[in-house]
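Okay, protein_29.pdb now, which holds PDB, C-alpha atoms and all ligand atoms:
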ATOM      1  CA  MET A   1     -11.471   4.213  15.619
ATOM      2  CA  GLY A   2     -10.372   4.457  11.995
ATOM      3  CA  GLU A   3     -10.683   1.768   9.410
ATOM      4  CA  SER A   4      -8.441  -1.286   9.748
ATOM      5  CA  ILE A   5      -5.435  -1.413   7.440
ATOM      6  CA  LEU A   6      -6.718  -4.774   6.222
ATOM      7  CA  MET A   7      -9.901  -3.172   4.867
ATOM      8  CA  LYS A   8      -7.835  -0.486   3.159
ATOM      9  CA  LEU A   9      -5.577  -3.085   1.583
ATOM     10  CA  GLU A  10      -8.552  -5.036   0.264
ATOM     11  CA  GLU A  11      -9.956  -1.846  -1.260
ATOM     12  CA  GLY A  12      -6.596  -1.081  -2.836
ATOM     13  CA  HIS A  13      -6.352  -4.588  -4.262
ATOM     14  CA  ARG A  14      -9.806  -4.199  -5.795
ATOM     15  CA  VAL A  15      -8.868  -0.887  -7.456
ATOM     16  CA  ILE A  16      -5.670  -2.371  -8.931
ATOM     17  CA  LYS A  17      -7.438  -5.527 -10.076
ATOM     18  CA  ASP A  18     -10.209  -3.511 -11.785
ATOM     19  CA  LEU A  19      -7.630  -1.359 -13.579
ATOM     20  CA  MET A  20      -5.780  -4.481 -14.691
ATOM     21  CA  ASN A  21      -8.995  -5.905 -16.140
ATOM     22  CA  LEU A  22      -9.631  -2.666 -18.025
ATOM     23  CA  ILE A  23      -6.087  -2.747 -19.411
ATOM     24  CA  LYS A  24      -6.466  -6.374 -20.431
ATOM     25  CA  ASN A  25      -9.637  -5.609 -22.415
ATOM     26  CA  GLU A  26      -8.582  -2.256 -23.899
ATOM     27  CA  HIS A  27      -7.732  -2.285 -27.610
ATOM     28  CA  ASP A  28      -7.038   1.411 -28.048
ATOM     29  CA  LEU A  29      -3.300   1.520 -27.328
ATOM     30  CA  VAL A  30      -3.208   5.182 -26.289
ATOM     31  CA  HIS A  31      -5.917   4.599 -23.724
ATOM     32  CA  LYS A  32      -4.353   1.309 -22.696
ATOM     33  CA  LYS A  33      -1.079   3.095 -21.938
ATOM     34  CA  GLU A  34      -2.871   5.739 -19.876
ATOM     35  CA  LEU A  35      -4.632   3.050 -17.870
ATOM     36  CA  TYR A  36      -1.345   1.252 -17.367
ATOM     37  CA  LEU A  37       0.347   4.387 -16.011
ATOM     38  CA  GLN A  38      -2.537   4.918 -13.628
ATOM     39  CA  MET A  39      -2.436   1.294 -12.456
ATOM     40  CA  ARG A  40       1.372   1.392 -12.111
ATOM     41  CA  GLU A  41       1.197   4.422  -9.828
ATOM     42  CA  GLU A  42      -1.480   2.768  -7.672
ATOM     43  CA  LEU A  43       0.406  -0.507  -7.492
ATOM     44  CA  LEU A  44       3.798   1.004  -6.632
ATOM     45  CA  ALA A  45       2.348   3.316  -3.965
ATOM     46  CA  HIS A  46       0.311   0.436  -2.541
ATOM     47  CA  MET A  47       3.377  -1.820  -2.297
ATOM     48  CA  ASP A  48       5.479   0.968  -0.774
ATOM     49  CA  GLY A  49       2.749   1.650   1.763
ATOM     50  CA  GLU A  50       2.470  -2.009   2.718
ATOM     51  CA  GLU A  51       6.204  -2.444   3.132
ATOM     52  CA  LYS A  52       6.539   0.637   5.330
ATOM     53  CA  THR A  53       3.636  -0.299   7.599
ATOM     54  CA  ILE A  54       2.143  -3.767   7.941
ATOM     55  CA  TYR A  55       5.204  -5.693   6.672
ATOM     56  CA  ARG A  56       7.563  -3.673   8.884
ATOM     57  CA  HIS A  57       5.354  -4.291  11.915
ATOM     58  CA  LEU A  58       5.215  -8.020  11.187
ATOM     59  CA  ILE A  59       8.998  -8.159  10.811
ATOM     60  CA  GLU A  60      10.036  -5.884  13.675
ATOM     61  CA  ASP A  61       7.323  -5.868  16.326
ATOM     62  CA  VAL A  62       6.125  -9.414  16.736
ATOM     63  CA  GLY A  63       9.228 -11.504  17.344
ATOM     64  CA  ASN A  64       7.887 -14.655  15.791
ATOM     65  CA  GLN A  65       9.412 -16.379  12.825
ATOM     66  CA  GLU A  66       6.175 -17.089  11.017
ATOM     67  CA  SER A  67       5.193 -13.419  10.913
ATOM     68  CA  GLU A  68       8.633 -12.447   9.639
ATOM     69  CA  GLU A  69       8.568 -15.134   6.969
ATOM     70  CA  VAL A  70       5.151 -14.234   5.647
ATOM     71  CA  ALA A  71       6.223 -10.579   5.309
ATOM     72  CA  HIS A  72       9.570 -11.416   3.690
ATOM     73  CA  ASP A  73       7.841 -13.691   1.165
ATOM     74  CA  ALA A  74       5.417 -10.897   0.334
ATOM     75  CA  GLU A  75       8.361  -8.498  -0.122
ATOM     76  CA  ASP A  76       9.947 -10.913  -2.599
ATOM     77  CA  GLU A  77       6.687 -11.002  -4.558
ATOM     78  CA  HIS A  78       6.641  -7.190  -4.588
ATOM     79  CA  GLU A  79      10.179  -7.208  -5.986
ATOM     80  CA  GLU A  80       9.060  -9.432  -8.856
ATOM     81  CA  MET A  81       6.173  -7.067  -9.623
ATOM     82  CA  ARG A  82       8.496  -4.026  -9.572
ATOM     83  CA  HIS A  83      10.777  -5.846 -11.961
ATOM     84  CA  LEU A  84       7.856  -6.578 -14.315
ATOM     85  CA  CYS A  85       6.768  -2.905 -14.174
ATOM     86  CA  ASP A  86      10.320  -1.860 -15.104
ATOM     87  CA  LYS A  87      10.173  -4.270 -18.013
ATOM     88  CA  LEU A  88       6.832  -2.852 -19.170
ATOM     89  CA  ASP A  89       8.179   0.700 -18.860
ATOM     90  CA  ALA A  90      11.087  -0.245 -21.092
ATOM     91  CA  THR A  91       8.880  -1.869 -23.764
ATOM     92  CA  ARG A  92       6.759  -0.077 -26.335
ATOM     93  CA  ILE A  93       3.093  -0.881 -25.907
ATOM     94  CA  GLU A  94       2.887  -1.782 -29.620
ATOM     95  CA  ASP A  95       5.466  -4.509 -29.013
ATOM     96  CA  GLU A  96       3.961  -7.985 -28.654
ATOM     97  CA  ASN A  97       6.185  -8.581 -25.620
ATOM     98  CA  TRP A  98       4.297  -5.882 -23.754
ATOM     99  CA  GLU A  99       1.150  -7.995 -23.625
ATOM    100  CA  SER A 100       2.915 -11.122 -22.378
ATOM    101  CA  THR A 101       4.785  -9.158 -19.701
ATOM    102  CA  PHE A 102       1.549  -7.514 -18.621
ATOM    103  CA  LYS A 103      -0.083 -10.927 -18.433
ATOM    104  CA  ALA A 104       2.751 -12.103 -16.171
ATOM    105  CA  LEU A 105       2.328  -9.036 -13.937
ATOM    106  CA  ARG A 106      -1.422  -9.551 -13.673
ATOM    107  CA  HIS A 107      -0.935 -13.214 -12.853
ATOM    108  CA  GLN A 108       1.690 -12.378 -10.228
ATOM    109  CA  PHE A 109      -0.549  -9.716  -8.690
ATOM    110  CA  LEU A 110      -3.572 -12.033  -8.424
ATOM    111  CA  LYS A 111      -1.430 -14.738  -6.842
ATOM    112  CA  HIS A 112       0.085 -12.235  -4.422
ATOM    113  CA  GLN A 113      -3.292 -10.770  -3.517
ATOM    114  CA  GLU A 114      -4.644 -14.201  -2.723
ATOM    115  CA  SER A 115      -1.763 -15.207  -0.456
ATOM    116  CA  GLU A 116      -1.703 -11.785   1.182
ATOM    117  CA  GLU A 117      -5.403 -11.785   2.006
ATOM    118  CA  SER A 118      -5.192 -15.304   3.425
ATOM    119  CA  ALA A 119      -1.808 -16.020   5.062
ATOM    120  CA  LEU A 120      -0.621 -12.478   5.791
ATOM    121  CA  PHE A 121      -3.987 -11.138   6.955
ATOM    122  CA  THR A 122      -4.478 -14.165   9.233
ATOM    123  CA  GLU A 123      -1.046 -13.569  10.739
ATOM    124  CA  ALA A 124      -1.744  -9.854  11.209
ATOM    125  CA  LYS A 125      -5.080 -10.554  12.932
ATOM    126  CA  GLU A 126      -3.342 -12.940  15.327
ATOM    127  CA  ASP A 127      -0.511 -10.551  16.089
ATOM    128  CA  PHE A 128      -2.242  -7.188  16.403
ATOM    129  CA  SER A 129      -5.266  -5.734  18.156
ATOM    130  CA  ARG A 130      -8.072  -3.951  16.292
ATOM    131  CA  GLU A 131      -6.746  -0.637  17.609
ATOM    132  CA  GLU A 132      -3.297  -1.374  16.233
ATOM    133  CA  LEU A 133      -4.682  -2.423  12.860
ATOM    134  CA  SER A 134      -6.621   0.818  12.695
ATOM    135  CA  GLU A 135      -3.492   2.863  13.571
ATOM    136  CA  PHE A 136      -1.628   1.011  10.836
ATOM    137  CA  GLY A 137      -4.449   2.049   8.490
ATOM    138  CA  GLU A 138      -3.589   5.692   9.078
ATOM    139  CA  GLU A 139       0.137   5.009   8.725
ATOM    140  CA  PHE A 140      -0.618   3.259   5.435
ATOM    141  CA  GLU A 141      -2.467   6.294   4.034
ATOM    142  CA  GLU A 142       0.443   8.508   5.074
ATOM    143  CA  ALA A 143       3.066   6.206   3.549
ATOM    144  CA  LYS A 144       1.117   6.006   0.280
ATOM    145  CA  LEU A 145       0.984   9.794   0.056
ATOM    146  CA  GLN A 146       4.735  10.048   0.580
ATOM    147  CA  SER A 147       5.504   7.472  -2.053
ATOM    148  CA  HIS A 148       6.555   8.957  -5.396
ATOM    149  CA  PRO A 149       6.864   6.134  -7.841
TER
HETATM  150 FE    FE A 201       1.241  -6.604  -1.267
END
Reformat the file's structure so that it appears as structure tokens.
Ligand SMILES: [Fe+2]
Amino acid sequence: MGESILMKLEEGHRVIKDLMNLIKNEHDLVHKKELYLQMREELLAHMDGEEKTIYRHLIEDVGNQESEEVAHDAEDEHEEMRHLCDKLDATRIEDENWESTFKALRHQFLKHQESEESALFTEAKEDFSREELSEFGEEFEEAKLQSHP
């Protein structure tokens, strides 16, 4: 049996969080921009992958309101993060607004990660078997590969 999607998501969160910390502490703006682009690609593919797999299963397969709600809330949080990425893309990194927008994105991500790993993971463990969670893990890898942010 392959690795559970929940393990893969935790790994992904760690990668994104580490990149965000590097960006936060980087003073060389050229390097900072490169790190941002790398993090942005990871984050957008990760969110796409989640929406196409675990969120979709929670919304469509379970038939309970709590599972649907937890996934819809997470989707709304993703929307906010996409919006903040768009804002960062449209701002020059030299601009002082870039830093405050990045701070907002990082804050939003950490908040989202926390609620996802508690509420959404708990819901997923209640709703799906270990076999299903491992199948979703493979679907997640596939969806990430097909995502072209
Ligand atoms: Fe997420």
* Contacts of A:Asn25 within 12 Å, only C-alpha atoms, excl. fewer than 5 positions in-chain, as a count of residues only -> 10
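For the set A:Ile59, A:Leu110, A:Leu120, A:Met47, the residue with the smallest atom-to-atom gap to ligand FE 201 (chain A) is A:Met47, counting only C-alpha atoms and all ligand atoms.
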Would you tabulate, counting only C-alpha atoms and all ligand atoms, all residues of chain A that have an atom at most 8 Å from an atom of ligand FE 201 (chain A), showing the closest pair of atoms and their distance in Å to one decimal, sorted by chain then ascending number, as CSV?
residue,atom,partner,partner_atom,distance
A:His46,CA,A:FE201,FE,7.2
A:Met47,CA,A:FE201,FE,5.3
A:Glu50,CA,A:FE201,FE,6.2
A:Glu51,CA,A:FE201,FE,7.8
A:Ala74,CA,A:FE201,FE,6.2
A:Glu75,CA,A:FE201,FE,7.5
A:Glu77,CA,A:FE201,FE,7.7
A:His78,CA,A:FE201,FE,6.4
A:His112,CA,A:FE201,FE,6.6
A:Gln113,CA,A:FE201,FE,6.6
A:Glu116,CA,A:FE201,FE,6.4
* Residue nearest A:His83 - candidates A:Lys111, A:Lys52, A:Arg40, A:Lys17, atoms counted: only C-alpha atoms ->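 Among the listed residues, the smallest separation from A:His83 belongs to A:Arg40.
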* To do: Would you mind listing what lies within 7 Å of stretch 121-127 of chain A as a VMD selection string, with only C-alpha atoms counted and same-chain residues fewer than 3 positions away left out?
  => chain A and resid 6 62 67 116 to 118
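Atom pair atom CA of A:Leu9 / atom CA of A:Leu88 has a distance of 24.2 Å (rounded to one decimal).
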